[in-house]
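What follows is a short report on a single structure.
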Amino acid sequence: MKVAKDLVAASATPMVLGILAEADSYGYAILRRINELSGGELDWTEGLLYPLLHRLERLGHVESSWQSVTGERRRKYYRITRTGLAELAEQRRQWDTVVGALKEIWRDSRPMIAFPLEGHA
Amino acid sequence: MTGELEDQFAQWRQYVRRRPELRTADIDELEDHLRGSVDELVAAGLHDDEAFLVAVKRMGTLDELSREFAREHSERLWKQLVLTREGDPPAVSRDLLAMVICAAGAAVSVKLPELFGMSLERDGTFYGPNAGLFALPWLAAFLAWHRRASTALVVVLVGLFALGAVAANVYPLEAGSQSVILTSIHLPLALWFVVGLAYVADAVRSPRRRMDFIRFTGEWFIYYVLIALGGGVLIAFLFGTFEAIGISPETFVSQWLVPCGAAAAVIVAGWLVEAKQSVVENIAPVLTRLFTPLFTAVLLAFLVALGITSTGIDVEREALILFDLLLAVVLGLLLYSISARDPLAPPGVFDRLQLALVVSALVIDVLVLVEITGRITEYGTTPNKAAALGENVILLANLAWSAWLLLGLVRRTTPFAALERWQTAYLPVYAVWGWIVVLISPPLFDYL
């Protein structure tokens, strides 16, 4: 299964903000974390992540600084700001609405499986 | 990590750095990402070089990556330089400081003669011939400083500017005489080539450096015009706002703002060209591309109309100057398209177009010359006529030989470099002519 591009793009901001709300992090670790959380189903590219981080920084949702943690390389760490947390809360409300509605719709039905179309072989 | 792997990272950086969308900090960040990826793959049992290849491949093509970066950072594709250049900020601010000093020097130089009782309003006979001496020495000083000119060159520069000062002030030129006007036009021209000497510094004979000076001249002119337009807007607002509160800024504008601003802008424009030369597409060649076909069409139409009506050209007094200017414009069009042409490109449609332009200008000019030499032999000569005629001959000679070389270029018998060399070798002729008009012509014509 591959998650559609639009869906990946729409969910990217709350995911990155959510991960940064847990702890400060850097690009590679964020990408690894997303991979882990989705069981490898969300395959983000660097071309998606870094411009997104830069955009969030421009909007003031995150801050960045070059830091070297002992025993590691110097890295650009990102930290979520107060407006970032507010944005995350707002996004979360919206996603809860969407997810809640979808769950409501799908509550009684079994998970969808692809039926082969009948008749026209 | 092994040295081999480090080499691969270095190569990768080299490759990525060519993208304007990616800043150094972005590349650092991406490199860290790549290293993280490589470390993980090596831990999973891959060899260094395999891990590197896989990691780079995972990152996707550079085109895609930079496209994504460009969406967020579109401003990076517009070069914003001069004051916010990346890297080496001390050099930029030192340049800026030198420019401000020289521009201020030029502005002060304009006002200095007032301490000795001169007035911009009344002493046109002083300010006219000296016009080039207020700002151009400062521009030459800035360029010489920028290029760390040798002492010998500095001595030559100072000597030539001193000679210019002598030429402008020693001869007893009457107010309103032809010689005053001729000196006012030709001395700045001659001094501009002294600036050129400072520009090419120790490579006076190098055709490449001379061509650079031609480019510099074109760009300088365009920046100067742009600054002047901005200055015009500023003055309009100055008048409008201050007059609204009952104060007339006229004296300030005409006595201070315009003369000092015009002098300072000479240096600012020169500095802009220097600072931006590798950053902004040269504008002069773009304009030439635009106007060469249009000028060719106008000149050909004129020739056709002349042939049909067969009235002959009515050569009045100003006609010779008009046709001098026409030749100068044609030469400028030729020069600036040469300055931007790829020397190795095969002859194309544009070269043919240029040949047509030069030949039609030549034909028109010969027709005019035939008319005018008749007049001069009839009525005798004046400084104006002699200067205009001399300029015409100089430009005519240049364009005639250029036409010959262009013909060779179109027929693939002469290389483009010959045309380039001819134009750069001809530069001293203009300088010498400027000095002749300034130094020799006034005594020759009894300071008429």
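Residues in the structure tokens are numbered from 1 in each chain, the chains being A, B, ... in the order shown, and ligands are numbered from 1 in the order shown.
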
Extract the full set of strand (DSSP E or B) residues from chain A according to DSSP on the backbone, and format it as a list of chain:residue names. A:Ser25, A:Tyr26, A:Val62, A:Glu63, A:Ser64, A:Ser65, A:Trp66, A:Gln67, A:Ser68, A:Arg74, A:Arg75, A:Lys76, A:Tyr77, A:Tyr78, A:Arg79, A:Ile80

If you keep C-alpha atoms, can you produce a file of those selected residues as a PDB file, in the first residue's frame?
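Produced file part-v5.pdb, reproduced below:
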```pdb
ATOM      1  CA  SER A  25      15.040  16.628  16.982  1.00  0.00           C
ATOM      2  CA  TYR A  26      16.890  16.812  13.684  1.00  0.00           C
ATOM      3  CA  VAL A  62       9.766  25.984  14.992  1.00  0.00           C
ATOM      4  CA  GLU A  63      13.238  27.341  15.736  1.00  0.00           C
ATOM      5  CA  SER A  64      16.509  25.815  14.648  1.00  0.00           C
ATOM      6  CA  SER A  65      20.061  25.835  15.936  1.00  0.00           C
ATOM      7  CA  TRP A  66      23.268  23.986  15.190  1.00  0.00           C
ATOM      8  CA  GLN A  67      24.201  21.898  18.190  1.00  0.00           C
ATOM      9  CA  SER A  68      26.621  19.120  18.914  1.00  0.00           C
ATOM     10  CA  ARG A  74      27.105  18.796  14.782  1.00  0.00           C
ATOM     11  CA  ARG A  75      23.510  18.844  13.701  1.00  0.00           C
ATOM     12  CA  LYS A  76      20.740  21.276  12.996  1.00  0.00           C
ATOM     13  CA  TYR A  77      18.193  20.700  15.736  1.00  0.00           C
ATOM     14  CA  TYR A  78      14.624  21.922  15.543  1.00  0.00           C
ATOM     15  CA  ARG A  79      12.561  22.987  18.533  1.00  0.00           C
ATOM     16  CA  ILE A  80       8.839  23.711  18.563  1.00  0.00           C
TER      17      ILE A  80
END
```

Would you kindly report the residues of chain A within 8 Å of chain B, using only C-alpha atoms, as a list of chain:residue names? A:Gly27, A:Tyr28, A:Thr45, A:Glu46, A:Gly47, A:Leu48, A:Tyr50, A:Pro51, A:Leu52, A:His54, A:Arg55, A:Arg73, A:Arg75, A:Lys76

Written selection (N, CA and C atoms) as a CSV table (one decimal), in the first residue's frame:
```csv
chain,number,residue,atom,x,y,z
A,27,GLY,N,16.6,16.5,11.3
A,27,GLY,CA,15.9,15.9,10.1
A,27,GLY,C,15.9,14.4,10.0
A,28,TYR,N,17.1,13.8,10.1
A,28,TYR,CA,17.2,12.4,9.9
A,28,TYR,C,16.4,11.6,10.9
A,45,THR,N,10.3,11.8,1.6
A,45,THR,CA,11.6,12.1,0.9
A,45,THR,C,12.2,13.3,1.6
A,46,GLU,N,13.5,13.5,1.4
A,46,GLU,CA,14.2,14.7,2.0
A,46,GLU,C,13.6,16.0,1.4
A,47,GLY,N,13.2,15.8,0.1
A,47,GLY,CA,12.7,17.0,-0.6
A,47,GLY,C,11.3,17.4,0.0
A,48,LEU,N,10.7,16.6,0.7
A,48,LEU,CA,9.4,16.9,1.4
A,48,LEU,C,9.8,17.5,2.8
A,50,TYR,N,12.7,18.7,4.4
A,50,TYR,CA,13.5,19.9,4.8
A,50,TYR,C,12.9,21.2,4.3
A,51,PRO,N,12.3,21.3,3.1
A,51,PRO,CA,11.6,22.5,2.8
A,51,PRO,C,10.4,22.7,3.8
A,52,LEU,N,9.8,21.6,4.2
A,52,LEU,CA,8.7,21.8,5.2
A,52,LEU,C,9.2,22.4,6.5
A,54,HIS,N,11.8,24.2,6.9
A,54,HIS,CA,12.2,25.6,6.7
A,54,HIS,C,11.0,26.5,6.6
A,55,ARG,N,9.9,25.9,6.1
A,55,ARG,CA,8.7,26.7,6.0
A,55,ARG,C,8.1,27.0,7.4
A,73,ARG,N,27.8,14.1,15.7
A,73,ARG,CA,28.1,15.2,14.8
A,73,ARG,C,27.4,16.4,15.2
A,75,ARG,N,24.7,19.0,14.5
A,75,ARG,CA,23.5,18.8,13.7
A,75,ARG,C,22.6,20.0,13.9
A,76,LYS,N,21.7,20.2,12.9
A,76,LYS,CA,20.7,21.3,13.0
A,76,LYS,C,19.5,20.7,13.7
```

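Separating atom CA of Val410 of chain B from atom CA of Gly348 of chain B is a distance of 7.5 Å.
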
Do a neighbour search on Glu41 of chain A at 10 Å with only C-alpha atoms, toss out local chain neighbours closer than 6 positions, and write the hits as a list of chain:residue names.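 The residues that qualify are A:Met1, A:Lys2, A:Val3, A:Ile34, A:Asn35.
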
Run DSSP on the backbone of this structure and report the residues of chain A it assigns to alpha helix (DSSP H), as a PyMOL selection string. chain A and resi 5-22+27-37+46-58+82-106

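If you look at atom CA of Arg341 of chain B and atom CA of Thr288 of chain B, they are 11.4 Å away from each other.
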